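Everything on this sheet refers to the single structure shown next.
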Amino acid sequence: MPCGLGARNTLRLEAALSLYGHEISDSINVFEAGLDRFCKLEKGVPGIGSAHQGQAAGTGAQAGGLEVVERGIARDGYRVLDLSGNAIGYVTSGSPAPFLKKKIALAYVPRAFCGAGTEVAVEIRNNPVKVQVVPLPFYRKPKRASSQS
């Protein structure tokens with residue numbers, strides 16, 4: 001039975017939960033990380049998100065989900081490329097997802113590349129490997145069928 005940090009990391013990734021030092025840090029604001037739901041800016045209380053409030057609708061990088069289409073595993077730190085081979089972002093976390101039977105990753109890419117179905121590439125061992133942007137979280141708990149009387 002899987003246990004330990006590897007299992008924790010795989011489950012965290014499938015649920016698209018942020019990990020400090022990967023998806024969130026002092027240099028990544030709450031809007032880029034997709035965590036703005038936790039910032040109550042309308043209360044007018046100064047806080048961590050206040051300094052970045054104007055960046056909410058910006059065109060900066062945004063966390064996105066990637067599913068590896070070809071052979072390879074996208075790991076943290078790998079470059080994300082557009083289909084012309086230009087670097088556009090970087091992978092923050094990546095792993096095989098045993099439950100989903102897919103290879104998945106979280107990455108920061110420009111908002112223009114965040115649409116579901118967008119094809120980009122990840123540079124794995126100096127080779128571009130095709131990936132597809134997918135909605136987050138990767139795993140969603142199935143809804144139970146309601147019983148009707």
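Every chain in the structure tokens has a letter given in the order shown (A, B, ...), and although residue numbers restart at 1 in each chain, ligands are simply numbered from 1 in the order shown.
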
Residues within 8 Å of Val69 of chain A, please, as an mmCIF file with N, CA and C atoms, in the first residue's frame. Count only C-alpha atoms; anything in the same chain fewer than 5 positions from it doesn't count.
```cif
data_model
loop_
_atom_site.group_PDB
_atom_site.id
_atom_site.type_symbol
_atom_site.label_atom_id
_atom_site.label_comp_id
_atom_site.auth_asym_id
_atom_site.auth_seq_id
_atom_site.Cartn_x
_atom_site.Cartn_y
_atom_site.Cartn_z
ATOM 1 N N VAL A 129 8.145 17.376 -25.581
ATOM 2 C CA VAL A 129 7.154 16.313 -25.447
ATOM 3 C C VAL A 129 5.787 16.977 -25.393
ATOM 4 N N LYS A 130 4.868 16.529 -26.249
ATOM 5 C CA LYS A 130 3.557 17.157 -26.356
ATOM 6 C C LYS A 130 2.723 16.920 -25.101
ATOM 7 N N VAL A 131 2.111 18.009 -24.613
ATOM 8 C CA VAL A 131 1.194 17.958 -23.478
ATOM 9 C C VAL A 131 -0.046 18.767 -23.833
ATOM 10 N N GLN A 132 -1.101 18.534 -23.080
ATOM 11 C CA GLN A 132 -2.347 19.252 -23.315
ATOM 12 C C GLN A 132 -2.792 19.897 -22.012
#
```

Near-Gly34 of chain A list (9 Å; only C-alpha atoms; drop same-chain fewer than 4 positions) as a list in words = Asn29, Val30, Gln62 and Ala63 of chain A

List as a short mmCIF file (atom, residue, chain, number, x, y, z; two decimals) with N, CA, C and O atoms, in the first residue's frame the protein and nucleic acid residues near segment 78-87 of chain A, meaning an atom at most 10 Å away when only C-alpha atoms are counted, but skip any in the same chain fewer than 5 places from it.
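What landed in selection-v1.cif:
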```cif
data_model
loop_
_atom_site.label_atom_id
_atom_site.label_comp_id
_atom_site.auth_asym_id
_atom_site.auth_seq_id
_atom_site.Cartn_x
_atom_site.Cartn_y
_atom_site.Cartn_z
N LEU A 66 -1.54 20.22 -16.75
CA LEU A 66 -1.05 19.62 -17.99
C LEU A 66 -1.20 18.11 -17.92
O LEU A 66 -0.96 17.51 -16.87
N ILE A 73 7.71 12.10 -18.48
CA ILE A 73 7.10 12.63 -17.27
C ILE A 73 7.62 14.04 -17.06
O ILE A 73 8.83 14.26 -17.00
N THR A 92 5.85 23.18 -12.17
CA THR A 92 6.07 23.30 -10.73
C THR A 92 6.02 21.95 -10.03
O THR A 92 6.72 21.73 -9.06
N SER A 93 5.19 21.04 -10.51
CA SER A 93 5.08 19.69 -9.96
C SER A 93 4.63 18.76 -11.08
O SER A 93 3.79 19.14 -11.89
N GLY A 94 5.15 17.55 -11.09
CA GLY A 94 4.72 16.58 -12.09
C GLY A 94 5.00 15.17 -11.63
O GLY A 94 5.95 14.93 -10.90
N ALA A 107 1.81 23.69 -13.90
CA ALA A 107 2.81 24.57 -14.50
C ALA A 107 2.32 26.00 -14.49
O ALA A 107 1.11 26.25 -14.42
N TYR A 108 3.26 26.93 -14.56
CA TYR A 108 2.92 28.34 -14.75
C TYR A 108 3.16 28.67 -16.21
O TYR A 108 4.27 28.50 -16.72
N VAL A 109 2.09 29.10 -16.86
CA VAL A 109 2.14 29.49 -18.27
C VAL A 109 1.35 30.78 -18.44
O VAL A 109 0.49 31.10 -17.61
N PHE A 113 -2.33 30.70 -22.80
CA PHE A 113 -2.12 29.27 -23.03
C PHE A 113 -2.87 28.41 -22.01
O PHE A 113 -2.65 27.20 -21.96
N THR A 118 -5.63 23.33 -25.05
CA THR A 118 -4.48 23.96 -25.70
C THR A 118 -3.30 23.00 -25.68
O THR A 118 -3.00 22.39 -24.67
N GLU A 119 -2.63 22.85 -26.82
CA GLU A 119 -1.46 22.00 -26.90
C GLU A 119 -0.20 22.83 -26.75
O GLU A 119 -0.05 23.87 -27.37
N VAL A 120 0.67 22.37 -25.87
CA VAL A 120 1.99 22.97 -25.67
C VAL A 120 2.96 21.79 -25.53
O VAL A 120 2.58 20.65 -25.76
N ALA A 121 4.18 22.07 -25.17
CA ALA A 121 5.17 21.00 -24.98
C ALA A 121 5.95 21.25 -23.70
O ALA A 121 6.02 22.38 -23.21
N VAL A 122 6.50 20.20 -23.16
CA VAL A 122 7.41 20.28 -22.02
C VAL A 122 8.74 19.73 -22.49
O VAL A 122 8.79 18.68 -23.15
N GLU A 123 9.81 20.45 -22.17
CA GLU A 123 11.14 20.00 -22.57
C GLU A 123 11.64 18.96 -21.57
O GLU A 123 11.94 19.28 -20.42
N ILE A 124 11.67 17.72 -22.01
CA ILE A 124 12.13 16.60 -21.18
C ILE A 124 13.40 16.05 -21.81
O ILE A 124 13.38 15.58 -22.95
N ARG A 125 14.51 16.14 -21.09
CA ARG A 125 15.83 15.71 -21.58
C ARG A 125 16.13 16.32 -22.95
O ARG A 125 16.48 15.63 -23.90
N ASN A 126 15.94 17.63 -23.04
CA ASN A 126 16.22 18.43 -24.25
C ASN A 126 15.33 18.09 -25.44
O ASN A 126 15.63 18.48 -26.56
N ASN A 127 14.24 17.35 -25.22
CA ASN A 127 13.31 17.03 -26.29
C ASN A 127 11.92 17.57 -25.94
O ASN A 127 11.44 17.35 -24.83
N PRO A 128 11.25 18.23 -26.90
CA PRO A 128 9.89 18.69 -26.63
C PRO A 128 8.91 17.51 -26.65
O PRO A 128 8.90 16.71 -27.59
N VAL A 129 8.14 17.38 -25.58
CA VAL A 129 7.15 16.31 -25.45
C VAL A 129 5.79 16.98 -25.39
O VAL A 129 5.56 17.87 -24.58
N LYS A 130 4.87 16.53 -26.25
CA LYS A 130 3.56 17.16 -26.36
C LYS A 130 2.72 16.92 -25.10
O LYS A 130 2.65 15.80 -24.58
N VAL A 131 2.11 18.01 -24.61
CA VAL A 131 1.19 17.96 -23.48
C VAL A 131 -0.05 18.77 -23.83
O VAL A 131 -0.02 19.58 -24.76
#
```

Polymer residues at most 7 Å from Lys103 of chain A, only C-alpha atoms, same-chain spacing of 5 or more positions, as an NGL selection string | :A and (67-68 or 73 or 95-97)

Mind giving me the straight-line distance from atom CA of Leu100 of chain A to atom CA of Leu19 of chain A in Å, one decimal?
->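 It comes out at 20.2 Å.
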
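Relative to atom CA of Asn9 of chain A, atom CA of Glu23 of chain A is found at 12.5 Å.
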
Spatial neighbours of Ala15 of chain A, max dist 8 Å, only C-alpha atoms, sep filter under 4 positions, as a PyMOL selection string | chain A and resi 11+136-140

Save out the residues we just selected, N, CA, C and O atoms, as a compact mmCIF listing (two decimals), in the first residue's frame.
```txt
# COMPACT_ATOMS: atom_id res chain seq x y z
N LEU A 11 -1.27 12.35 -4.40
CA LEU A 11 -2.64 12.73 -4.06
C LEU A 11 -2.82 14.24 -4.12
O LEU A 11 -3.83 14.74 -4.62
N LEU A 136 -8.47 22.03 -13.94
CA LEU A 136 -8.09 21.60 -12.59
C LEU A 136 -9.33 21.53 -11.70
O LEU A 136 -10.27 22.27 -11.91
N PRO A 137 -9.36 20.68 -10.71
CA PRO A 137 -8.36 19.68 -10.37
C PRO A 137 -8.40 18.52 -11.36
O PRO A 137 -9.38 18.33 -12.07
N PHE A 138 -7.34 17.73 -11.38
CA PHE A 138 -7.27 16.59 -12.28
C PHE A 138 -8.31 15.54 -11.88
O PHE A 138 -8.94 14.93 -12.71
N TYR A 139 -8.46 15.34 -10.57
CA TYR A 139 -9.41 14.35 -10.05
C TYR A 139 -10.58 15.07 -9.40
O TYR A 139 -10.39 15.99 -8.61
N ARG A 140 -11.76 14.64 -9.72
CA ARG A 140 -12.97 15.13 -9.06
C ARG A 140 -13.74 13.93 -8.54
O ARG A 140 -13.92 12.94 -9.24
```

Please, which residues of chain A, numbered as in this document, come out strand (DSSP E) from DSSP, as a PyMOL selection string?
-> chain A and resi 61-68+79-81+87-97+102-110+119-124+127-134

Among the residues of chain A, find those DSSP assigns to alpha helix (DSSP H) from the backbone and print them as a list in words.
->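 So the alpha helix (DSSP H) residues in chain A would be Leu5, Gly6, Ala7, Arg8, Asn9, Thr10, Leu11, Arg12, Leu13 and Glu14 of chain A.
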
Of the candidates A:Leu17, A:Val133, A:Leu106, A:His22, which shows the shortest atom-to-atom distance to Leu35 of chain A, using only C-alpha atoms?
-> A:Leu17
